[in-house]
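Heads up: the structure comes next, in structure tokens.
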Amino acid sequence: MRWSESYLFTLKDKPADAEIPSHQLMVRGGYIRKLAPGIFTYGPFFLRALKKFEHIIREELGKKGGVEILMPMVHPKEIWEETGRWKEMGAGLLKFKNRNDQEFCLGATHEEAVTDYVRGDVKSYRDLPFNLFQIQTKFRDEIRPRFGLMRGREFVMKDAYSFDVDKAGALKAYEKMYSAYEAIFQRLGVDFRIVKADSGNIGGDQSQEFHILAQSGEDELLVCENSDFAANVEVCPAVSEPVESSDSENPLEKFETPHLKTIDQLAKALKVPSQELVKTLFFNKAEPDSEVFEPVCVLTRGSDEANPIKLKNLWGLSNPPRLLSDKEVFEVSGAHPGSCGPVGLKMPVWMDHSLKGRKNMVVGANEDGYHYRNANLGRDFKVAEFADLRMAKEGDLSPDGKGTLKSFRGIEVGHIFYLGTKYSEKMKAQFLDESGNLQPIQMGCYGIGVTRSLQAAIEQSHDADGIIWPPSVAPFDLHVCLLDPDSPESLQLVDSIEKSLHAQGASIFVDDRQERPGVKFKDADLLGFPLRLNIGARSLANGEVELVDRATKEISKIKIAEAPQEISAAVQKKKGTHVH
RNA sequence: CGGGGAGUGGCGCAGUCUGGUAGCGCAUCUGGUUUGGGACCAGAGGGUCGCAGGUUCAAAUCCUGCCACCCCGACCA
């Protein structure tokens, strides 16, 4: 491929609307252009990377028996109503009507579509198991798209769905996908972690996320320093050191705390660490979209945060519960936030494990400007349940007991779920088992954010000059800076190198523009293909060309006569090398 | 939806406070000199200053309304 024959426009300045390096570099390199927020055109070079990654995905899923299909992007309302998600997904589904006033949405995910596809065909346990996947454009009407392809409205996703006769089979399918995903991200060549995760409103009871580690990641991961335990902070079990209980319960004592609104202010005033104070929060335990008001009090240590995802799961809600407004807090407790506590409350009180056994607590008095000292469980207030309610954090003990947790930022690029029969029951996707009983199919679903993965790879692999593509998905293997594009000797050399590379299935991009060398070098660094070859009068006069490694900037001189073979070998070596 | 920022040639920005000829850098085109890390000189083209009202002799600039964008938060398979 020659620059002069391609469609490629690079930018010197970083675009004003791009914040993180990967987004800036992709726009600067002409890889993507924004059409609307979260909606992008993929240029010819990004498309090449995309196809390469898709190829890796197809190969690895194929090895595990995945069968590729392609489902519609436009879905009728009816299938989404069958599962209740027409409402549940809310505004995230882009809905519209046709000329006959029939309602549709754009496919945000395809559990409904694939279950409908399968239920018409599968009749017997003999028809199972199988695993279907597709690579397709998804549309989700994100509230706030950001960071280019990281959180787009329109994006390419690989989604797969497994169908089995029983749970054991479904879990086997889950394990297969787990290992396929491991292989896929290893081949992509990124530093990634697999973590326990919340299953969100997809449903199901087992779920893990694949994260590419990067500072700009939207998710916080907690990883054990000594073992392979890793979890999304949202669901990471919190282990707290047991409380050493002082033996006697002192008398309850009210004291003035004027103008002390936060735990930190209170801690400072009382000269005790915030961990020794008690934080009182109020949530509405009812389903977020219902009219019902069911206030619940949640107690944690002053240094901890309540975890809404854990509350959601504990209370069996479909979405995280809502924190009460200041006004509502006043109505249910008699005080504003900052002066609330469990004493005298007329609602269930949930207490975090970390407070179990603690005596003589400092809590709000439910009267503005007052707190209690020496509040004790049993004597002064009652607790409905003890549970793990808090956000785990760096420095906590790992749940597997093998060390302490360290915090990383990650970009979620893959997610696997064991679904069970949530969709098959609602949509009547059934089969007859060996004894002639009608059974719902056991399902799993598995996603990879294809476009997101590629940007995440760039986010992880770039420098001040530009992108450093992992060789597995680099748009081209070799970037030739043809410094004298009119020199017959140079052109002849490029031809022979091109032939040699094509013979082994490698790709070559030639910058044949009438530009000065500096311009070509800058663009080569920006575009970020793994190897660059400089061909110019200066080195040709010495009977040499220069091969430059994009990642290390190492230069090797190669004799012209040996150039085609040596460069082919270098390209081959690069492709075989994995960064991590 | 809440908070913040910013809408000015293709890109990046100044000008707005204090109303008075629409500017700079990059890119583009022409000619010339250059040619191994974003060259230089000379010339040229390109903007209804987001949109609509209003104030004024006069509006990019002041007022009102709307639209769209970016960031933080809420939300998120």
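If you're wondering about the labels, chains in the structure tokens are A, B, ... by order shown, residues count from 1 in each chain, ligands from 1 in order shown.
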
Exercise for the section: Report as a list of chain:residue names: the residues of range 162-265 of chain A with a DSSP assignment of strand (DSSP E), based on the backbone of this structure. Expected result: A:Ser162, A:Phe163, A:Asp164, A:Phe192, A:Arg193, A:Ile194, A:Val195, A:Lys196, A:Gln206, A:Ser207, A:Gln208, A:Glu209, A:Phe210, A:His211, A:Ile212, A:Leu213, A:Asp219, A:Glu220, A:Leu221, A:Leu222, A:Val223, A:Cys224, A:Ala230, A:Ala231, A:Asn232, A:Glu253, A:Lys254, A:Phe255, A:Glu256

Put those residues in a file: N, CA and C atoms, as a compact mmCIF listing (two decimals), in the first residue's frame.
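The new file result-v9.txt reads:
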```txt
# COMPACT_ATOMS: atom_id res chain seq x y z
N SER A 162 -24.11 -19.30 24.71
CA SER A 162 -24.01 -20.76 24.78
C SER A 162 -25.34 -21.34 25.23
N PHE A 163 -25.62 -22.54 24.72
CA PHE A 163 -26.90 -23.21 25.00
C PHE A 163 -26.60 -24.65 25.41
N ASP A 164 -27.09 -25.03 26.59
CA ASP A 164 -26.79 -26.36 27.12
C ASP A 164 -28.03 -26.97 27.77
N PHE A 192 -3.50 -7.68 30.87
CA PHE A 192 -4.91 -7.70 31.29
C PHE A 192 -5.09 -8.50 32.57
N ARG A 193 -6.22 -8.30 33.22
CA ARG A 193 -6.57 -9.03 34.43
C ARG A 193 -7.99 -9.54 34.31
N ILE A 194 -8.24 -10.67 34.94
CA ILE A 194 -9.59 -11.24 34.96
C ILE A 194 -10.12 -11.06 36.37
N VAL A 195 -11.29 -10.46 36.50
CA VAL A 195 -11.81 -10.15 37.83
C VAL A 195 -13.25 -10.62 38.00
N LYS A 196 -13.60 -10.91 39.24
CA LYS A 196 -15.00 -11.18 39.58
C LYS A 196 -15.78 -9.90 39.36
N GLN A 206 -23.08 -15.86 37.80
CA GLN A 206 -21.63 -15.97 37.80
C GLN A 206 -21.12 -15.10 36.67
N SER A 207 -20.11 -14.32 36.95
CA SER A 207 -19.68 -13.37 35.94
C SER A 207 -18.28 -12.90 36.22
N GLN A 208 -17.50 -12.81 35.16
CA GLN A 208 -16.14 -12.28 35.29
C GLN A 208 -15.87 -11.28 34.17
N GLU A 209 -15.04 -10.31 34.50
CA GLU A 209 -14.68 -9.29 33.52
C GLU A 209 -13.21 -9.43 33.15
N PHE A 210 -12.90 -9.10 31.91
CA PHE A 210 -11.52 -9.02 31.44
C PHE A 210 -11.19 -7.55 31.29
N HIS A 211 -10.14 -7.13 31.97
CA HIS A 211 -9.76 -5.72 31.96
C HIS A 211 -8.35 -5.53 31.41
N ILE A 212 -8.22 -4.55 30.54
CA ILE A 212 -6.90 -4.11 30.13
C ILE A 212 -6.49 -3.01 31.11
N LEU A 213 -5.31 -3.17 31.70
CA LEU A 213 -4.89 -2.21 32.72
C LEU A 213 -4.45 -0.91 32.08
N ASP A 219 -12.82 1.65 35.55
CA ASP A 219 -13.11 0.73 36.65
C ASP A 219 -11.94 0.60 37.60
N GLU A 220 -12.25 0.44 38.88
CA GLU A 220 -11.20 0.15 39.84
C GLU A 220 -11.19 -1.34 40.14
N LEU A 221 -10.01 -1.93 40.06
CA LEU A 221 -9.86 -3.36 40.33
C LEU A 221 -9.04 -3.53 41.58
N LEU A 222 -9.39 -4.54 42.37
CA LEU A 222 -8.59 -4.87 43.53
C LEU A 222 -7.96 -6.23 43.29
N VAL A 223 -6.64 -6.27 43.39
CA VAL A 223 -5.90 -7.47 43.03
C VAL A 223 -5.03 -7.87 44.22
N CYS A 224 -5.08 -9.15 44.57
CA CYS A 224 -4.26 -9.64 45.68
C CYS A 224 -2.80 -9.64 45.26
N ALA A 230 -8.66 -11.49 42.10
CA ALA A 230 -8.87 -10.14 41.56
C ALA A 230 -10.36 -9.91 41.44
N ALA A 231 -10.81 -8.71 41.76
CA ALA A 231 -12.24 -8.41 41.66
C ALA A 231 -12.44 -6.95 41.32
N ASN A 232 -13.55 -6.70 40.63
CA ASN A 232 -13.97 -5.32 40.45
C ASN A 232 -14.34 -4.78 41.82
N GLU A 253 -24.34 9.02 76.16
CA GLU A 253 -24.12 10.41 76.52
C GLU A 253 -24.25 11.28 75.28
N LYS A 254 -25.14 12.27 75.34
CA LYS A 254 -25.33 13.16 74.20
C LYS A 254 -24.39 14.34 74.33
N PHE A 255 -23.78 14.77 73.23
CA PHE A 255 -22.90 15.94 73.32
C PHE A 255 -23.05 16.80 72.07
N GLU A 256 -22.67 18.06 72.21
CA GLU A 256 -22.87 19.04 71.13
C GLU A 256 -21.79 18.91 70.07
```

List as JSON lines every residue of chain B that is in contact with chain A, defined as an atom at most 9 Å from one of its atoms (using only C-alpha atoms (C1' of nucleotides)), together with the nearest atom pair and the distance in Å rounded to one decimal, sorted by chain and then rising number.
```
{"residue": "B:C11", "atom": "C1'", "partner": "A:Asp13", "partner_atom": "CA", "distance": 7.0}
{"residue": "B:G12", "atom": "C1'", "partner": "A:Asp13", "partner_atom": "CA", "distance": 6.0}
{"residue": "B:C26", "atom": "C1'", "partner": "A:Lys12", "partner_atom": "CA", "distance": 7.6}
{"residue": "B:A27", "atom": "C1'", "partner": "A:Leu11", "partner_atom": "CA", "distance": 8.9}
{"residue": "B:U35", "atom": "C1'", "partner": "A:Arg516", "partner_atom": "CA", "distance": 6.1}
{"residue": "B:G36", "atom": "C1'", "partner": "A:Pro517", "partner_atom": "CA", "distance": 5.8}
{"residue": "B:G37", "atom": "C1'", "partner": "A:Gly518", "partner_atom": "CA", "distance": 4.3}
{"residue": "B:G38", "atom": "C1'", "partner": "A:Val519", "partner_atom": "CA", "distance": 4.9}
{"residue": "B:A39", "atom": "C1'", "partner": "A:Arg516", "partner_atom": "CA", "distance": 8.3}
{"residue": "B:C69", "atom": "C1'", "partner": "A:Asp17", "partner_atom": "CA", "distance": 8.1}
{"residue": "B:C70", "atom": "C1'", "partner": "A:Asp17", "partner_atom": "CA", "distance": 5.5}
{"residue": "B:C71", "atom": "C1'", "partner": "A:Glu19", "partner_atom": "CA", "distance": 8.5}
{"residue": "B:C75", "atom": "C1'", "partner": "A:Ile143", "partner_atom": "CA", "distance": 6.8}
{"residue": "B:C76", "atom": "C1'", "partner": "A:Glu142", "partner_atom": "CA", "distance": 7.2}
{"residue": "B:A77", "atom": "C1'", "partner": "A:Ile202", "partner_atom": "CA", "distance": 5.8}
```

Practice task
Can you pull out every residue within 12 Å of Glu562 in chain A, counting only C-alpha atoms (C1' of nucleotides), but drop anything in the same chain fewer than 4 positions away, and send it as a list in words?
Solution key: Leu493, Ser496, Ile497, Ser500, Gly543, Glu544, Val545, Lys557, Ile558, Glu566, Ile567, Ser568, Ala569 and Ala570 of chain A

Would you output that residue set with C-alpha atoms, as a PDB file, in the first residue's frame?
```pdb
ATOM      1  CA  LEU A 493      14.469  -2.033  -3.539  1.00  0.00           C
ATOM      2  CA  SER A 496      11.765  -6.548  -3.922  1.00  0.00           C
ATOM      3  CA  ILE A 497      11.096  -6.089  -0.191  1.00  0.00           C
ATOM      4  CA  SER A 500       9.349 -10.873  -0.141  1.00  0.00           C
ATOM      5  CA  GLY A 543      25.045   0.226   0.504  1.00  0.00           C
ATOM      6  CA  GLU A 544      22.626   0.126   3.478  1.00  0.00           C
ATOM      7  CA  VAL A 545      19.101   0.745   4.651  1.00  0.00           C
ATOM      8  CA  LYS A 557      21.731  -1.186   9.426  1.00  0.00           C
ATOM      9  CA  ILE A 558      21.081  -3.736   6.748  1.00  0.00           C
ATOM     10  CA  GLU A 566      16.633  -9.775   6.619  1.00  0.00           C
ATOM     11  CA  ILE A 567      13.615  -7.527   6.733  1.00  0.00           C
ATOM     12  CA  SER A 568      11.270 -10.439   6.178  1.00  0.00           C
ATOM     13  CA  ALA A 569      12.951 -12.214   9.052  1.00  0.00           C
ATOM     14  CA  ALA A 570      12.683  -9.149  11.303  1.00  0.00           C
TER      15      ALA A 570
END
```

Practice task
Compile the contact shell of range 19-24 of chain B as an NGL selection string: residues with an atom at most 12 Å away, counting only C-alpha atoms (C1' of nucleotides), same-chain residues fewer than 3 positions apart removed.
Solution key: :B and (8-9 or 12-16 or 47 or 49 or 55-62)

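As for CA of Cys340 in chain A and CA of Asp368 in chain A, they are spaced 8.0 Å apart.
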
Exercise for the section: Identify all residues of range 217-416 of chain A in helix (DSSP H, G or I) (DSSP on the backbone) and supply them as number ranges by chain. Expected result: A: 263-270, 274-276, 308-315, 326-333, 353-355

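Between CA of Ser4 in chain A and CA of Ala561 in chain A lies a distance of 27.0 Å.
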
Practice task
Work out how far apart CA of Arg373 in chain A and CA of Val278 in chain A are and give it in Å to one decimal.
Solution key: 10.8 Å

Exercise for the section: Would you list the contacts of range 468-477 of chain A as JSON, numbers by chain, taking every protein, DNA or RNA residue within 9 Å and counting only C-alpha atoms (C1' of nucleotides), but skipping same-chain residues closer than 5 positions in sequence? Expected result: {"A": [44, 45, 46, 47, 48, 49, 50, 51, 52, 53, 56, 187, 188, 189, 190, 454, 457, 458, 461, 462, 463, 506, 507, 508, 509, 525, 526, 527, 528, 529, 530, 531, 532, 550, 551, 571, 572, 574, 575, 576, 577, 578, 579]}
